[in-house]
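Data block below; observations after.
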Amino acid sequence: MSDINLEQLGEQILSDIKAVKDKNALEQLRVGTLGKKGSVSALLSTLGKMSPDERKIMGPKINALKQQVAKEIETRQTELKAIELELRLKSEKIDISLPLQPAPTSTGRIHPVSQVIDEISAIFSGMGFSIAEGPDIETDELNFTALNFPPDHPAREMHDTFFFEPDENGERKLLRTHTSPVQIRTMRKANKKPEADWITSTIEPPIRVIMPGRTYRCDSDQTHTPMFHQVEGLVIDKVTHIGHLRWVLEEFLKSFFEVDNIKIRFRPSFFPFTEPSMEVDVQCDRSGGEMKIGQGTDWLEILGCGMVHPNVLRNAGLDPDVYQGFAFGMGIDRLAMLKYGMADLRAFFDADVRWIEHYGFRPLDMPTLFGGLSS
Ligand code: PHE
């Protein structure tokens with residue numbers, strides 16, 4: 001190759017490098033010149049066929065060109081990077097004078113029912129209870145029969161049950177009317193009855209559980225909705241008596257309503273699954289137009305409870321001569337209404353954003369016993 005051709009090739013390559021507009025094209029150019037099959041590499045391989053004199057002259061020239069090309073490519077690379085950065089800085093400009101978008105955690109609200117379930121769970125966890133759950137669609141057996149409701153007993157009607165159509169086996173499922181069937185599920189699991197395989201918790205006697213969840217009855221007015229929430233409590237041990245029940249309920253109510261003292265009274269009542277059965281009233285003051293729990297001389301009915309009926313223990317596979325215990329059930333929505341002053345239960349399930357913004361809780365304010373339940 002003559003000097004002139006070499007010079008021309010050099011000039012061509014250098015002007016190509018300057019003209020390149022992006023990284024990829026530059027890389028292609030690098031491969032096309034300095035790569036194994038590149039034009040400059042091809043020149044270098046011609047040296048072997050030259051005479052020693054020729055090589056002495058051409059060798060340094062070709063090598064100089066190679067180095068120059070490499071240097072120019074590197075320079076252009078740096079330039080392109082700078083241009084690219086410049087473009088990005090221009091396109092990704094942020095207007096810091098714009099108001100901040102509020103984070104989801106600061107706009108979203110926890111529903112009072114969820115909040116109250118968390119509060120109840122925190123209180124009972126502190127007393128050594130665990131939490132169990134059961135399905136909303138329940139069998140007649142677990143919702144009624146195992147709980148000692150005799151067949152055709154009027155107590156079944158008391159519940160305004162939503163029944164499903166009978167299935168191919170003639171079995172009529174229902175929407176559970178209370179959380180009490182979870183008592184049976186929990187005890188059968190504790191007793192490791194083979195038919196209790198579907199229960200996922202691993203509770204063994206002594207049993208101390210609470211069971212929150214949705215419940216259903218065909219009923220609707222200011223304080224009733226067809227779907228509502230209950231929390232069930234169950235304690236089974238070898239020595240358990242009404243004194244324990246009373247203490248647990250008093251401690252719970254004091255913590256829940258965040259008062260130092262609370263008076264409760266037991267009134268005789270009837271539930272097929274407890275004997276004796278009682279309703280619990282809590283001391284309150286209605287004088288100021290506003291309900292205050294834990295003071296005053298009025299009474300408010302708040303929950304149902306009793307000692308677990310021997311038939312229920314037997315139906316769950318526990319020996320009533322060995323085990324005994326107490327159960328209680330209360331309406332979560334009602335507790336929420338009392339604590340946070342909401343007048344109409346139906347609004348709980350209207351999905352009205354204004355309501356949830358007013359009555360809802362901030363997601364990061366988790367109820368704990370040490371940090372405060374509702375602060
Ligand atoms: N299951 C009862 C109800 O829904 C409440 C209850 C639970 C009563 C446990 C006694 C024991 O009315």
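Ordering of the structure tokens sets the chain letters (A, B, ...), residue numbers begin anew at 1 in every chain, and ligands are numbered from 1 in the order given.
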
Find the nearest atom pair between each residue of chain A and ligand 1 for residues within 10 Å, count only C-alpha atoms and all ligand atoms, give distances in Å to one decimal, sort rows by chain and ascending number, and present the table as CSV.
residue,atom,partner,partner_atom_place_in_ligand_line,distance
A:Asn143,CA,ligand 1,1 (N),9.4
A:Leu147,CA,ligand 1,1 (N),9.5
A:Met158,CA,ligand 1,12 (O),9.5
A:His159,CA,ligand 1,4 (O),8.2
A:Arg176,CA,ligand 1,4 (O),9.8
A:Thr177,CA,ligand 1,4 (O),6.8
A:His178,CA,ligand 1,4 (O),4.6
A:Thr179,CA,ligand 1,1 (N),6.2
A:Ser180,CA,ligand 1,1 (N),5.1
A:Pro181,CA,ligand 1,1 (N),8.5
A:Gln183,CA,ligand 1,9 (C),8.6
A:Thr215,CA,ligand 1,4 (O),8.7
A:Tyr216,CA,ligand 1,4 (O),10.0
A:Arg217,CA,ligand 1,4 (O),10.0
A:His229,CA,ligand 1,4 (O),10.0
A:Gln230,CA,ligand 1,4 (O),7.6
A:Val231,CA,ligand 1,7 (C),8.4
A:Glu232,CA,ligand 1,7 (C),6.0
A:Gly233,CA,ligand 1,9 (C),6.9
A:Leu234,CA,ligand 1,9 (C),7.8
A:Ser269,CA,ligand 1,8 (C),9.2
A:Phe270,CA,ligand 1,8 (C),8.3
A:Phe271,CA,ligand 1,8 (C),6.0
A:Pro272,CA,ligand 1,10 (C),8.5
A:Phe273,CA,ligand 1,11 (C),6.9
A:Thr274,CA,ligand 1,10 (C),6.0
A:Glu275,CA,ligand 1,10 (C),9.0
A:Pro276,CA,ligand 1,10 (C),9.5
A:Ser277,CA,ligand 1,10 (C),6.5
A:Met278,CA,ligand 1,10 (C),7.3
A:Glu279,CA,ligand 1,8 (C),7.9
A:Leu303,CA,ligand 1,5 (C),7.0
A:Gly304,CA,ligand 1,8 (C),4.1
A:Cys305,CA,ligand 1,10 (C),3.5
A:Gly306,CA,ligand 1,10 (C),5.3
A:Met307,CA,ligand 1,11 (C),7.7
A:Val308,CA,ligand 1,11 (C),7.4
A:His309,CA,ligand 1,11 (C),9.7
A:Phe326,CA,ligand 1,11 (C),7.5
A:Ala327,CA,ligand 1,11 (C),4.5
A:Phe328,CA,ligand 1,9 (C),3.7
A:Gly329,CA,ligand 1,7 (C),3.6
A:Met330,CA,ligand 1,5 (C),6.3
A:Gly331,CA,ligand 1,4 (O),8.1

- Within 12 Å of Met127 in chain A, counting only C-alpha atoms, which residues qualify if same-chain residues fewer than 5 places away don't, as a ChimeraX atom specification? /A:120-122,208-210,235,247-249,251-252,255,369

Let me see the file: selected residues, C-alpha atoms, as an mmCIF file, in the first residue's frame.
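And here's selection.cif as it stands now:
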data_model
loop_
_atom_site.group_PDB
_atom_site.id
_atom_site.type_symbol
_atom_site.label_atom_id
_atom_site.label_comp_id
_atom_site.auth_asym_id
_atom_site.auth_seq_id
_atom_site.Cartn_x
_atom_site.Cartn_y
_atom_site.Cartn_z
ATOM 1 C CA ILE A 120 -58.925 -7.276 70.079
ATOM 2 C CA SER A 121 -56.158 -9.546 68.775
ATOM 3 C CA ALA A 122 -53.492 -7.456 70.512
ATOM 4 C CA ARG A 208 -57.053 -20.460 74.560
ATOM 5 C CA VAL A 209 -58.210 -19.020 71.266
ATOM 6 C CA ILE A 210 -60.147 -16.148 69.827
ATOM 7 C CA VAL A 235 -60.880 -21.551 76.819
ATOM 8 C CA TRP A 247 -61.602 -11.958 84.857
ATOM 9 C CA VAL A 248 -60.836 -12.428 81.143
ATOM 10 C CA LEU A 249 -63.864 -10.350 80.126
ATOM 11 C CA GLU A 251 -59.491 -7.357 81.576
ATOM 12 C CA PHE A 252 -60.506 -7.349 77.932
ATOM 13 C CA SER A 255 -58.091 -2.662 77.783
ATOM 14 C CA LEU A 369 -50.569 -2.811 74.176
#

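If you count only C-alpha atoms and ignore residues fewer than 5 places along the chain from Glu301 in chain A, what sits within 12 Å of it is A:Ile264, A:Arg265, A:Phe266, A:Arg267, A:Ser269, A:Met278, A:Glu279, A:Val280, A:Asp281, A:Val282, A:Gln283, A:Cys284, A:Ile293, A:Met330, A:Gly331, A:Arg334, A:Leu335, A:Leu338.
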
Write a file of the selected residues as a compact mmCIF listing (two decimals), in the first residue's frame, keeping C-alpha atoms.
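Below is the file that was written, result_22.txt:
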# COMPACT_ATOMS: atom_id res chain seq x y z
CA ILE A 264 -69.82 -5.85 84.46
CA ARG A 265 -72.83 -7.89 85.43
CA PHE A 266 -73.96 -11.33 84.36
CA ARG A 267 -77.60 -11.97 83.48
CA SER A 269 -79.64 -16.27 79.33
CA MET A 278 -75.18 -15.60 80.45
CA GLU A 279 -75.40 -12.21 78.88
CA VAL A 280 -72.93 -9.60 80.03
CA ASP A 281 -73.81 -5.96 80.60
CA VAL A 282 -71.17 -3.30 80.97
CA GLN A 283 -71.43 -0.22 83.16
CA CYS A 284 -72.01 2.97 81.19
CA ILE A 293 -68.21 3.10 79.02
CA MET A 330 -69.43 -10.56 70.80
CA GLY A 331 -70.22 -8.29 67.89
CA ARG A 334 -71.01 -3.03 67.79
CA LEU A 335 -67.77 -2.72 69.79
CA LEU A 338 -69.40 2.05 70.94

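Closest approach to Asp152 in chain A among A:Ile110, A:Ala190, A:Asp140, A:Arg185 is made by A:Asp140 (distances from only C-alpha atoms).
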
- Item | Those in range 91-254 of chain A with helix (DSSP H, G or I) from DSSP, as a PyMOL selection string | chain A and resi 91+104-107+112-126+140-143+145-147+154-158+181-190+194-196+242-254

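Among A:Pro135, A:Phe124, A:Cys218, A:Leu43, the residue with the shortest atom-to-atom distance to Lys61 in chain A, counting only C-alpha atoms, is A:Leu43.
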
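Excluding Arg286 in chain A itself and any same-chain residue fewer than 4 positions from it, the protein and nucleic acid residues within 12 Å of it, counting only C-alpha atoms, are A:Glu290, A:Met291, A:Lys292, A:Ile293, A:Gly294, A:Gln295, A:Gly296, A:Thr297, A:Asp298, A:Trp299, A:Leu300, A:Leu338.
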
- Message: Which residues are close to Ile73 in chain A, i.e. within 8 Å by only C-alpha atoms, leaving aside same-chain residues fewer than 2 positions away? Reply as a count of residues only.
- Response: 9

- Which residues, written as a ChimeraX atom specification, have at least one atom at most 10 Å from Asp333 in chain A, with only C-alpha atoms counted and residues fewer than 6 positions away on the same chain left out? /A:112-114,116-117,223-225,228-231,339,342,345,348

- Task: Mind checking which residues fall within 12 Å of Gly32 in chain A, counting only C-alpha atoms, ignoring those fewer than 5 positions away in the same chain, and posting them as a PyMOL selection string?
- Result: chain A and resi 13+16-17+25-27+37-42+69+73
